[in-house]
Each structure stands twice: as C-alpha cells, then as structure tokens.
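Undergrad: Here you go, run37.cif (mmCIF, C-alpha atoms):
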data_entry
#
loop_
_atom_site.label_atom_id
_atom_site.label_comp_id
_atom_site.auth_asym_id
_atom_site.auth_seq_id
_atom_site.Cartn_x
_atom_site.Cartn_y
_atom_site.Cartn_z
CA MET A 10 -2.28 -3.38 -1.67
CA ILE A 11 0.91 -1.76 -0.48
CA ALA A 12 0.49 1.96 -1.13
CA THR A 13 3.77 3.83 -1.15
CA GLU A 14 3.21 5.79 -4.37
CA THR A 15 0.79 8.11 -2.65
CA ASP A 16 3.55 9.98 -0.81
CA ILE A 17 4.73 11.12 -4.23
CA LEU A 18 1.25 12.48 -4.97
CA ALA A 19 1.27 14.31 -1.64
CA ALA A 20 4.58 15.91 -2.65
CA ALA A 21 3.14 16.84 -6.07
CA GLU A 22 0.26 18.64 -4.38
CA ARG A 23 2.62 20.41 -1.97
CA TRP A 24 4.96 21.54 -4.75
CA ARG A 25 2.02 22.82 -6.81
CA ARG A 26 0.61 24.69 -3.82
CA ASP A 27 4.02 26.32 -3.37
CA GLY A 28 3.55 27.74 -6.87
CA ARG A 29 6.02 25.42 -8.59
CA PRO A 30 5.03 24.23 -12.10
CA VAL A 31 4.78 20.45 -11.76
CA ALA A 32 4.48 17.43 -14.05
CA LEU A 33 3.52 13.92 -13.00
CA ALA A 34 4.80 10.78 -14.74
CA THR A 35 2.94 7.49 -14.22
CA VAL A 36 3.97 4.03 -15.43
CA ILE A 37 0.86 2.81 -17.28
CA GLU A 38 2.13 -0.39 -18.90
CA THR A 39 5.11 -2.73 -18.60
CA TRP A 40 6.38 -5.71 -20.56
CA GLY A 41 9.02 -8.17 -19.42
CA SER A 42 11.08 -7.46 -16.37
CA ALA A 43 10.42 -3.75 -15.94
CA PRO A 44 11.98 -2.40 -12.76
CA ARG A 45 8.99 -0.47 -11.37
CA PRO A 46 5.38 -1.65 -11.37
CA VAL A 47 2.43 -0.09 -13.14
CA GLY A 48 1.16 2.88 -11.14
CA SER A 49 4.64 4.07 -10.08
CA HIS A 50 4.99 7.84 -10.08
CA LEU A 51 7.70 10.41 -10.66
CA VAL A 52 6.96 14.05 -9.91
CA ILE A 53 9.07 16.71 -11.62
CA ASP A 54 9.21 20.50 -11.23
CA GLN A 55 10.26 23.19 -13.68
CA GLU A 56 13.83 23.17 -12.38
CA GLY A 57 14.18 19.43 -12.93
CA ASN A 58 13.87 18.50 -9.25
CA PHE A 59 12.20 15.12 -8.96
CA LEU A 60 10.85 12.63 -6.45
CA GLY A 61 9.90 8.97 -6.92
CA SER A 62 10.85 6.70 -9.81
CA VAL A 63 9.44 5.10 -12.93
CA SER A 64 12.43 2.81 -13.54
CA GLY A 65 15.49 1.82 -11.60
CA GLY A 66 17.10 5.07 -12.72
CA CYS A 67 17.58 3.98 -16.35
CA VAL A 68 15.18 6.40 -18.03
CA GLU A 69 14.47 9.06 -15.40
CA GLY A 70 16.78 11.54 -17.13
CA ALA A 71 14.85 11.29 -20.39
CA VAL A 72 11.48 11.42 -18.61
CA ILE A 73 12.53 14.61 -16.85
CA THR A 74 13.51 16.21 -20.18
CA GLU A 75 10.08 15.33 -21.62
CA ALA A 76 8.40 16.50 -18.43
CA LEU A 77 9.91 19.96 -18.82
CA GLU A 78 8.31 20.14 -22.29
CA VAL A 79 4.97 19.02 -20.89
CA ILE A 80 5.20 21.68 -18.17
CA GLU A 81 5.80 24.22 -20.95
CA ALA A 82 3.16 23.01 -23.43
CA GLY A 83 0.49 21.69 -21.04
CA GLN A 84 -0.61 18.83 -23.33
CA PRO A 85 -0.29 15.36 -21.77
CA ARG A 86 1.64 12.71 -23.70
CA VAL A 87 2.54 9.04 -23.61
CA ILE A 88 6.17 7.98 -23.98
CA ALA A 89 7.67 4.52 -24.29
CA PHE A 90 11.07 3.08 -23.51
CA GLY A 91 12.64 -0.28 -24.17
CA VAL A 92 15.76 -1.85 -25.63
CA ALA A 93 13.85 -3.38 -28.52
CA ASP A 94 11.94 -0.23 -29.32
CA ALA A 95 13.27 1.66 -32.34
CA THR A 96 11.31 4.76 -31.42
CA ALA A 97 12.94 4.83 -28.00
CA TRP A 98 15.69 7.25 -27.33
CA GLU A 99 19.30 6.50 -26.73
CA VAL A 100 18.33 5.47 -23.25
CA GLY A 101 16.70 2.14 -22.59
CA LEU A 102 16.12 -0.38 -19.90
CA SER A 103 19.15 -2.55 -19.34
CA CYS A 104 16.93 -5.24 -17.85
CA GLY A 105 15.37 -5.82 -21.27
CA GLY A 106 11.92 -4.71 -20.18
CA ARG A 107 9.71 -2.09 -21.82
CA ILE A 108 7.57 0.56 -20.21
CA ARG A 109 4.97 3.09 -21.26
CA ILE A 110 4.63 6.31 -19.27
CA PHE A 111 1.84 8.90 -19.11
CA LEU A 112 3.11 12.43 -18.56
CA GLU A 113 0.79 15.24 -17.52
CA ARG A 114 1.01 18.71 -16.09
CA ILE A 115 -0.71 19.53 -12.80
CA ASP A 116 -2.89 22.54 -13.64
CA MET B 27 -4.41 16.66 -13.91
CA LEU B 28 -6.28 19.45 -12.21
CA ALA B 29 -4.75 20.50 -8.91
CA GLU B 30 -8.22 20.07 -7.36
CA THR B 31 -8.37 16.45 -8.54
CA LEU B 32 -4.96 15.77 -7.04
CA ALA B 33 -6.05 17.40 -3.77
CA LEU B 34 -9.22 15.25 -3.71
CA LEU B 35 -7.19 12.09 -4.36
CA ASN B 36 -4.82 12.95 -1.50
CA ALA B 37 -7.76 13.85 0.76
CA GLU B 38 -9.29 10.41 0.20
CA ARG B 39 -5.99 8.84 1.09
CA ALA B 40 -5.68 10.92 4.26
CA ALA B 41 -9.19 9.79 5.24
CA ARG B 42 -8.15 6.15 4.61
CA ARG B 43 -10.70 5.62 1.85
CA ALA B 44 -9.92 3.94 -1.46
CA ALA B 45 -10.33 5.89 -4.71
CA ILE B 46 -9.67 5.36 -8.41
CA LEU B 47 -8.51 8.03 -10.84
CA VAL B 48 -9.70 7.28 -14.38
CA THR B 49 -7.53 8.88 -17.08
CA ASP B 50 -8.27 8.94 -20.81
CA ILE B 51 -4.75 8.37 -22.14
CA ALA B 52 -5.28 10.05 -25.50
CA GLU B 53 -7.10 13.16 -24.29
CA GLY B 54 -5.83 13.46 -20.73
CA HIS B 55 -9.40 13.81 -19.41
CA GLN B 56 -9.77 12.54 -15.87
CA ARG B 57 -12.34 11.81 -13.24
CA LEU B 58 -11.99 10.64 -9.67
CA VAL B 59 -14.23 7.83 -8.47
CA ARG B 60 -14.42 7.46 -4.71
CA GLU B 61 -14.94 4.00 -3.21
CA ALA B 62 -18.56 4.82 -2.32
CA GLU B 63 -19.27 5.99 -5.89
CA ILE B 64 -18.06 2.85 -7.65
CA ALA B 65 -21.40 1.03 -7.59
CA ALA B 66 -23.10 3.82 -9.56
CA ASP B 67 -20.26 4.19 -12.07
CA PRO B 68 -20.64 3.01 -15.69
CA LEU B 69 -17.33 1.14 -15.26
CA ALA B 70 -18.36 -0.36 -11.91
CA ASP B 71 -17.31 -3.96 -12.65
CA THR B 72 -13.89 -2.97 -13.98
CA LEU B 73 -13.29 -0.55 -11.13
CA ARG B 74 -14.32 -3.14 -8.54
CA ALA B 75 -11.95 -5.74 -10.02
CA HIS B 76 -9.01 -3.33 -9.97
CA LEU B 77 -9.81 -2.22 -6.45
CA ALA B 78 -10.08 -5.79 -5.17
CA ALA B 79 -6.62 -6.56 -6.55
CA GLY B 80 -5.31 -3.19 -5.36
CA ARG B 81 -3.67 -2.76 -8.75
CA SER B 82 -3.50 0.15 -11.14
CA GLY B 83 -3.71 -0.69 -14.84
CA LEU B 84 -5.08 -0.10 -18.32
CA ALA B 85 -8.66 -0.71 -19.35
CA VAL B 86 -10.61 -0.12 -22.55
CA ALA B 87 -14.13 1.34 -22.59
CA ASP B 88 -16.04 2.50 -25.66
CA GLY B 89 -12.85 2.15 -27.70
CA ARG B 90 -11.00 4.58 -25.44
CA GLU B 91 -7.82 3.54 -23.67
CA LEU B 92 -8.09 4.37 -19.98
CA PHE B 93 -5.58 4.19 -17.16
CA LEU B 94 -6.94 3.42 -13.71
CA THR B 95 -4.81 4.75 -10.87
CA VAL B 96 -5.95 2.66 -7.93
CA GLN B 97 -5.23 4.22 -4.57
CA VAL B 98 -5.73 2.21 -1.43
CA PRO B 99 -4.88 3.54 2.02
CA PRO B 100 -1.43 2.79 3.39
CA VAL B 101 -1.41 -0.35 5.52
CA ARG B 102 -1.14 0.07 9.28
CA LEU B 103 0.38 -2.63 11.45
CA VAL B 104 -1.10 -2.93 14.93
CA VAL B 105 1.03 -5.10 17.20
CA ILE B 106 -0.50 -6.49 20.37
CA GLY B 107 2.24 -7.08 22.91
CA ALA B 108 5.33 -4.98 23.66
CA VAL B 109 7.40 -8.15 23.67
CA HIS B 110 10.88 -9.04 22.46
CA ILE B 111 9.64 -9.95 18.96
CA SER B 112 7.85 -6.58 18.72
CA GLN B 113 11.09 -4.75 19.53
CA ALA B 114 12.57 -6.21 16.34
CA LEU B 115 9.30 -6.05 14.40
CA ALA B 116 8.64 -2.32 14.84
CA PRO B 117 11.77 -0.93 13.14
CA MET B 118 11.68 -3.61 10.43
CA ALA B 119 8.05 -2.78 9.64
CA ALA B 120 8.91 0.90 9.38
CA CYS B 121 11.43 0.03 6.63
CA LEU B 122 8.53 -1.50 4.69
CA ASP B 123 6.46 1.71 4.99
CA LEU B 124 4.04 0.07 7.43
CA ALA B 125 2.84 2.51 10.08
CA VAL B 126 3.28 0.61 13.34
CA THR B 127 1.50 0.96 16.67
CA VAL B 128 2.29 -1.28 19.65
CA ILE B 129 -0.41 -1.91 22.24
CA ASP B 130 0.23 -3.58 25.61
CA PRO B 131 -1.55 -2.87 28.90
CA ARG B 132 1.44 -4.16 30.88
CA GLN B 133 3.34 -1.04 31.91
CA ALA B 134 6.55 -2.99 32.48
CA PHE B 135 6.58 -4.06 28.83
CA ALA B 136 5.27 -0.92 27.16
CA THR B 137 8.14 1.44 27.95
CA PRO B 138 9.69 4.01 25.61
CA GLU B 139 13.13 2.66 26.56
CA ARG B 140 12.23 -0.67 25.00
CA PHE B 141 10.56 0.98 21.98
CA PRO B 142 12.39 4.19 21.10
CA GLY B 143 10.47 6.23 18.54
CA VAL B 144 7.62 3.71 18.24
CA PRO B 145 4.00 4.78 18.92
CA LEU B 146 3.19 2.86 22.07
CA VAL B 147 -0.14 2.61 23.88
CA ALA B 148 -0.11 1.15 27.41
CA GLU B 149 -3.80 0.21 27.48
CA TRP B 150 -5.96 -2.86 27.02
CA PRO B 151 -6.68 -3.42 23.31
CA GLU B 152 -10.39 -2.51 23.61
CA ALA B 153 -9.55 0.78 25.31
CA ALA B 154 -6.67 1.52 22.94
CA LEU B 155 -8.78 0.86 19.83
CA ALA B 156 -11.66 2.92 21.21
CA GLY B 157 -9.45 5.91 21.89
CA PRO B 158 -5.80 6.69 21.18
CA VAL B 159 -5.39 4.24 18.26
CA PRO B 160 -7.53 4.85 15.14
CA PRO B 161 -10.17 2.13 14.70
CA LEU B 162 -9.14 -0.99 12.78
CA ASP B 163 -10.18 -1.18 9.13
CA ARG B 164 -9.67 -3.41 6.10
CA TYR B 165 -6.27 -1.81 5.49
CA CYS B 166 -4.84 -2.88 8.85
CA ALA B 167 -2.62 -5.83 9.71
CA VAL B 168 -2.88 -7.12 13.27
CA ALA B 169 -0.28 -9.29 14.96
CA ALA B 170 -1.19 -10.64 18.41
CA LEU B 171 2.03 -11.55 20.19
CA THR B 172 1.41 -11.58 23.95
CA HIS B 173 0.61 -15.30 24.42
CA ASP B 174 -2.01 -14.04 26.89
CA PRO B 175 -5.62 -14.68 25.82
CA LYS B 176 -6.85 -11.85 28.04
CA ILE B 177 -4.90 -9.43 25.84
CA ASP B 178 -4.73 -11.20 22.48
CA ASP B 179 -8.34 -12.43 22.17
CA PRO B 180 -10.11 -9.04 22.29
CA ALA B 181 -7.67 -7.68 19.69
CA LEU B 182 -8.16 -10.70 17.42
CA SER B 183 -11.95 -10.37 17.74
CA ALA B 184 -11.77 -6.69 16.82
CA ALA B 185 -9.49 -7.51 13.86
CA LEU B 186 -11.87 -10.17 12.52
CA ARG B 187 -14.90 -7.89 12.93
CA ALA B 188 -13.09 -5.06 11.08
CA GLY B 189 -12.10 -7.39 8.22
CA CYS B 190 -8.40 -6.57 8.63
CA VAL B 191 -6.36 -7.65 5.62
CA TYR B 192 -3.98 -9.65 7.83
CA VAL B 193 -4.57 -11.22 11.22
CA GLY B 194 -1.87 -13.31 12.87
CA ALA B 195 -1.46 -14.80 16.32
CA LEU B 196 1.61 -16.15 18.08
CA GLY B 197 1.36 -19.51 19.78
CA SER B 198 1.74 -23.21 19.19
CA ARG B 199 -0.82 -25.31 17.36
CA LYS B 200 -2.11 -26.46 20.75
CA THR B 201 -2.46 -22.88 21.97
CA HIS B 202 -4.24 -22.00 18.75
CA ALA B 203 -6.64 -24.93 19.05
CA ALA B 204 -7.74 -23.56 22.43
CA ARG B 205 -8.03 -20.10 20.89
CA VAL B 206 -10.22 -21.44 18.08
CA GLU B 207 -12.59 -22.94 20.68
CA ARG B 208 -12.80 -19.64 22.56
CA LEU B 209 -13.50 -17.63 19.40
CA ALA B 210 -16.10 -20.16 18.24
CA ALA B 211 -17.79 -19.90 21.63
CA ALA B 212 -17.75 -16.12 21.17
CA GLY B 213 -19.76 -16.56 17.97
CA PHE B 214 -17.16 -16.40 15.19
CA THR B 215 -17.72 -18.75 12.25
CA PRO B 216 -15.08 -21.30 11.18
CA ASP B 217 -14.41 -19.21 8.03
CA GLU B 218 -13.79 -16.11 10.09
CA ILE B 219 -11.51 -17.93 12.51
CA ALA B 220 -9.61 -19.49 9.59
CA ARG B 221 -8.51 -15.98 8.59
CA ILE B 222 -6.13 -15.98 11.56
CA GLN B 223 -2.59 -16.95 10.58
CA ALA B 224 -1.46 -19.23 13.39
CA PRO B 225 1.18 -20.16 14.26
CA ILE B 226 2.08 -16.69 13.00
CA GLY B 227 4.65 -16.07 10.25
CA LEU B 228 5.92 -17.78 7.12
CA ASP B 229 7.76 -20.97 8.00
CA LEU B 230 11.37 -19.83 7.72
CA GLY B 231 12.50 -22.02 10.57
CA ALA B 232 12.84 -18.77 12.52
CA VAL B 233 14.35 -18.99 16.00
CA SER B 234 15.42 -15.58 17.32
CA PRO B 235 12.94 -12.75 17.97
CA ALA B 236 14.26 -10.85 14.92
CA GLU B 237 13.89 -13.94 12.74
CA ILE B 238 10.31 -14.41 13.93
CA ALA B 239 9.67 -10.71 13.23
CA LEU B 240 11.02 -11.26 9.72
CA SER B 241 8.75 -14.28 9.20
CA ILE B 242 5.72 -12.21 10.30
CA LEU B 243 6.60 -9.36 7.92
CA ALA B 244 7.25 -11.85 5.11
CA GLN B 245 3.76 -13.25 5.67
CA ILE B 246 2.24 -9.76 5.67
CA VAL B 247 3.99 -8.86 2.40
CA ALA B 248 2.91 -12.19 0.88
CA THR B 249 -0.67 -11.37 1.89
CA LEU B 250 -0.58 -7.83 0.51
CA ARG B 251 1.07 -9.00 -2.73
CA ARG B 252 -0.83 -12.28 -3.08
CA ASP B 253 -2.07 -11.46 -6.58
CA ARG B 254 1.56 -11.35 -7.77
CA ILE B 255 2.63 -14.68 -6.29
CA LYS B 256 3.19 -17.25 -9.00
CA ALA B 257 1.54 -20.58 -8.40
CA ALA B 258 3.92 -23.39 -7.56
CA PRO B 259 4.92 -25.30 -10.75
#
Take the structure in the file and write it out as structure tokens.
TA:
Amino acid sequence: MIATETDILAAAERWRRDGRPVALATVIETWGSAPRPVGSHLVIDQEGNFLGSVSGGCVEGAVITEALEVIEAGQPRVIAFGVADATAWEVGLSCGGRIRIFLERID
Amino acid sequence: MLAETLALLNAERAARRAAILVTDIAEGHQRLVREAEIAADPLADTLRAHLAAGRSGLAVADGRELFLTVQVPPVRLVVIGAVHISQALAPMAACLDLAVTVIDPRQAFATPERFPGVPLVAEWPEAALAGPVPPLDRYCAVAALTHDPKIDDPALSAALRAGCVYVGALGSRKTHAARVERLAAAGFTPDEIARIQAPIGLDLGAVSPAEIALSILAQIVATLRRDRIKAAP
C-alpha cells in the first residue's frame, strides 16, 4: 500500500502541461528477482530527460531510446528485458530477473 | 494515455481516494475506475482484489490482457506525542515517504526547536483532528507515544473508528491491559481493540529512542507490505 510511484505521474502531468512531449513506461510483469516491482513508472520527455525507474538502472537507457520512438509514433508498445531472453537487446538485468514494460505516449 | 485520464488519476490521488487505471495492453485503450465506481464495474471482483492488496498487476478478461494500475493514496503518519522517540521518528519516516504530523497539546513538548521542519500541532488530538490536521482515513498510520491516556486514548479511538491501516501505542503490557479495559468500556469490540499494536514496534530489542522509532517504522512497513511477507518456513 505504499504509494510512491504517484509522484512520477504528477511529474508526467506537469511536463505534459508545460507542452513537453512525454512517454510513460510502466513495469507490467516481472519474473525472478527483478529490481523494481510491478507498477513502477519511468517518465521520459522528447529530450531524453527522465524521472523514476523501471529497473535498478540496468535497462533505463534502452527504455528511453524506445520511449523516444513511442513519442514520435504515438502507438503504445510492450518491451521485454532479461538475460535469458534472446529477443532482448544487448542490455539485460544483471540480477537474472526478467521484466515486461508497457510504453505509451501521453496525448 | 490521454492527458485528461492522467489528470483524473492525479486528482483522485490528491483527494486521497483510491483509483484503478485499466489498460488493454495490446490496443492501449484505457479507462479509469474510481473507488466508488468499482462495485458497478464488470471487473468488480478483480478490481476489488487488486485494491485490497494495493498491488498493480496483469489480469485477463474476455481474452484480452489487461494491466491494472492500482493507485492508493500516500500513507500519512500521525504521531501523538512530541516526545524523544518522535524526534527520531519524524525524520526517519520522511525518508520512507511517509507524510508525518506530530500532535501534542503540551506546549513545552511541541516546540519547533525540538522538531525542525516537522508539521507540529500543539492541540489536543480531538481538536487537532477536527481542524488543522486532515481527518484520519484508512490510509493513515497512527502512533500514540505520550504514555498519557488523556492524550493517547482519544487519538486511538479516532484511529480505530477511521479504520486506519496501522494503529500502535507505546506502553508496557500492563499499561496496555488497562488501556484495553478503558477502550472496551468506551464500546470498542475485542476485534477492534486487537488492531492496536501494543507494545508498539517490531521486537528488535530496541533501547534508545531512535531504535524504538526504527522498530515502529519497521512495523508500519511490515503492515503496508504484509502481502509480500513470506510465511515462516
């Protein structure tokens, strides 16, 4: 019941109101010892500024790159990361966990 | 997500009401379900279960994969007693993102010098909770630390009536036994009274005020995260 993720959503609204194109990343599923729980948020703007986290810093860089595409294209997408996942990028989670992330643009 | 949906979600949070954002993962379609709207929702049972656990997560309905973003209000910690333990408790609680208010009618205790930067209300609990401090709700934790029934009891009664998620009271087992009798005489049921954590705090063998503050916060975290605690082997 601890609700700290909501400050990220407040920032997302503020950024959007300031006219900045914004994407929101949300951890929707984890396996193993993923560093951040389901529901964790990362908010990203067009310049690559970000707030919050979806991992302990392992995959944020890759999520931000994808987020910039989502800001451009507007279509939400689901991305997955994990050391055992062949479709994952070069980055992975050193802890051995896997995560799935929902990325969407704030319209 | 529509900016309006995000604004609504944040508005519910600001009003200290729970809400659930339902997202269709494949399509990106979303709808916001406010706490009061859950009963009438087609996914009522699922939404209620997620809300009760305070956990976001995936669900499947009509073959569609949905993500439920569960938003519950941030927990407030109301401390009764501007005592030595509270001086350690207030800054430690702030580190845990708990919004702290300290209430103590004794002017000598409730001084800004003793509590720099901490919201402090030098009133009796009933007066404080009827005025300067927002009313208690389910998303409040209350720690009664004065050792004085005249101050602690009214706050504990208010906390039980409001269904606060955590209610703790300082004092020995003997002190608590007397407190139980008083609350029973005031009309509280044994189940209600049993919600009070007393003696307060996880048993860490704490001695110093800061250690006792730590044990109280540990107990609050254990309460808020109880669905994640693994059963003893």
Undergrad: Which residues, named as in the file, does the PyMOL selection byres ((chain B and resi 171) around 6) pick out? Answer as a VMD selection string.
TA: chain B and resid 106 to 107 170 172 to 173 196
Undergrad: Take atom CA of Pro151 of chain B and atom CA of Arg251 of chain B and report the distance between them in Å, one decimal.
TA: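 Separation of atom CA of Pro151 of chain B and atom CA of Arg251 of chain B: 27.7 Å.
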Undergrad: Please list as a tab-separated table (two decimals) with C-alpha atoms, keeping the file's coordinate frame every residue within 7 Å of Val47 of chain A, counting all atoms listed in the file and excluding residues in the same chain fewer than 5 positions away.
TA:
chain	number	residue	atom	x	y	z
A	36	VAL	CA	3.97	4.03	-15.43
A	37	ILE	CA	0.86	2.81	-17.28
A	38	GLU	CA	2.13	-0.39	-18.90
A	39	THR	CA	5.11	-2.73	-18.60
B	82	SER	CA	-3.50	0.15	-11.14
B	83	GLY	CA	-3.71	-0.69	-14.84
Undergrad: With only C-alpha atoms as the counted atoms, please give the residues lying no more than 7 Å from Ala45 of chain B, apart from itself and same-chain residues fewer than 4 positions off, as a PyMOL selection string.
TA: chain B and resi 35+38+59-61+96-98
Undergrad: What does the structure give for the distance between atom CA of Tyr165 of chain B and atom CA of Leu28 of chain B, in Å to one decimal?
TA: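 Calculated distance between atom CA of Tyr165 of chain B and atom CA of Leu28 of chain B is 27.7 Å.
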Undergrad: How close does chain B get to chain A? List, as a tab-separated table, each residue of chain B within 8 Å, its nearest atom pair and the distance in Å to one decimal, counting only C-alpha atoms.
TA:
residue	atom	partner	partner_atom	distance
B:Met27	CA	A:Ile115	CA	4.8
B:Leu28	CA	A:Asp116	CA	4.8
B:Ala29	CA	A:Asp116	CA	5.5
B:Leu32	CA	A:Glu22	CA	6.5
B:Ala33	CA	A:Glu22	CA	6.5
B:Asn36	CA	A:Ala19	CA	6.2
B:Arg39	CA	A:Thr15	CA	7.8
B:Ile51	CA	A:Phe111	CA	7.3
B:Ala52	CA	A:Arg86	CA	7.6
B:Glu53	CA	A:Pro85	CA	7.6
B:Gly54	CA	A:Pro85	CA	5.9
B:Ala79	CA	A:Met10	CA	7.3
B:Gly80	CA	A:Met10	CA	4.8
B:Arg81	CA	A:Met10	CA	7.2
B:Ser82	CA	A:Gly48	CA	5.4
B:Gly83	CA	A:Ile37	CA	6.3
B:Leu84	CA	A:Ile37	CA	6.7
B:Phe93	CA	A:Ile37	CA	6.6
B:Thr95	CA	A:Gly48	CA	6.3
B:Val96	CA	A:Gly48	CA	7.8
B:Gln97	CA	A:Ala12	CA	7.0
B:Val98	CA	A:Ala12	CA	6.2
B:Pro99	CA	A:Ala12	CA	6.4
B:Pro100	CA	A:Ala12	CA	5.0
B:Val101	CA	A:Ile11	CA	6.6
B:Asp123	CA	A:Thr13	CA	7.0
B:Leu250	CA	A:Met10	CA	5.2
B:Arg251	CA	A:Met10	CA	6.6
Undergrad: Tell me which residues the PyMOL selection byres ((chain A and resi 108) around 12) grabs here, as an MDAnalysis selection string.
TA: chainID A and resid 34:49 63:65 67:69 72 87:94 97 101:102 104:107 109:111
Undergrad: Selected residues, C-alpha atoms, written as a compact mmCIF listing (two decimals), in the frame of the given file, please.
TA:
# COMPACT_ATOMS: atom_id res chain seq x y z
CA ALA A 34 4.80 10.78 -14.74
CA THR A 35 2.94 7.49 -14.22
CA VAL A 36 3.97 4.03 -15.43
CA ILE A 37 0.86 2.81 -17.28
CA GLU A 38 2.13 -0.39 -18.90
CA THR A 39 5.11 -2.73 -18.60
CA TRP A 40 6.38 -5.71 -20.56
CA GLY A 41 9.02 -8.17 -19.42
CA SER A 42 11.08 -7.46 -16.37
CA ALA A 43 10.42 -3.75 -15.94
CA PRO A 44 11.98 -2.40 -12.76
CA ARG A 45 8.99 -0.47 -11.37
CA PRO A 46 5.38 -1.65 -11.37
CA VAL A 47 2.43 -0.09 -13.14
CA GLY A 48 1.16 2.88 -11.14
CA SER A 49 4.64 4.07 -10.08
CA VAL A 63 9.44 5.10 -12.93
CA SER A 64 12.43 2.81 -13.54
CA GLY A 65 15.49 1.82 -11.60
CA CYS A 67 17.58 3.98 -16.35
CA VAL A 68 15.18 6.40 -18.03
CA GLU A 69 14.47 9.06 -15.40
CA VAL A 72 11.48 11.42 -18.61
CA VAL A 87 2.54 9.04 -23.61
CA ILE A 88 6.17 7.98 -23.98
CA ALA A 89 7.67 4.52 -24.29
CA PHE A 90 11.07 3.08 -23.51
CA GLY A 91 12.64 -0.28 -24.17
CA VAL A 92 15.76 -1.85 -25.63
CA ALA A 93 13.85 -3.38 -28.52
CA ASP A 94 11.94 -0.23 -29.32
CA ALA A 97 12.94 4.83 -28.00
CA GLY A 101 16.70 2.14 -22.59
CA LEU A 102 16.12 -0.38 -19.90
CA CYS A 104 16.93 -5.24 -17.85
CA GLY A 105 15.37 -5.82 -21.27
CA GLY A 106 11.92 -4.71 -20.18
CA ARG A 107 9.71 -2.09 -21.82
CA ARG A 109 4.97 3.09 -21.26
CA ILE A 110 4.63 6.31 -19.27
CA PHE A 111 1.84 8.90 -19.11
Undergrad: Expand the PyMOL selection byres ((chain B and resi 191) around 7) into the individual residues it matches in the shown file, reporting them as number ranges by chain.
TA: B: 164-167, 189-190, 192-193
Undergrad: Calculate how many Å separate atom CA of Val128 of chain B from atom CA of Ala224 of chain B, rounding to one decimal.
TA: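 According to the coordinates, atom CA of Val128 of chain B and atom CA of Ala224 of chain B are separated by 19.4 Å.
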Undergrad: Excluding Ala248 of chain B and any residue of its chain fewer than 3 positions from it, enumerate the residues within 12 Å of it, using all atoms listed in the file, and give them as a list in words.
TA: Met10 and Ile11 of chain A; Val191, Tyr192, Gly227, Leu228, Ser241, Ile242, Leu243, Ala244, Gln245, Arg251, Arg252, Asp253, Arg254, Ile255 and Lys256 of chain B
Undergrad: Give me the residues within 12 Å of Ala116 of chain B as JSON, numbers by chain, counting only C-alpha atoms and dropping any in the same chain fewer than 4 places off.
TA: {"B": [102, 103, 104, 105, 106, 107, 108, 109, 110, 111, 112, 120, 121, 122, 123, 124, 125, 126, 127, 128, 129, 140, 141, 142, 143, 144, 145, 146, 169, 235, 236, 239, 240, 242, 243]}
Undergrad: Residues at most 12 Å from Ala156 of chain B, counting all atoms listed in the file, excluding those fewer than 6 positions away in the same chain, as a list of chain:residue names?
TA: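 Counting all atoms listed in the file, the residues come to B:Val147, B:Glu149, B:Trp150, B:Leu162, B:Ala181, B:Ala184.
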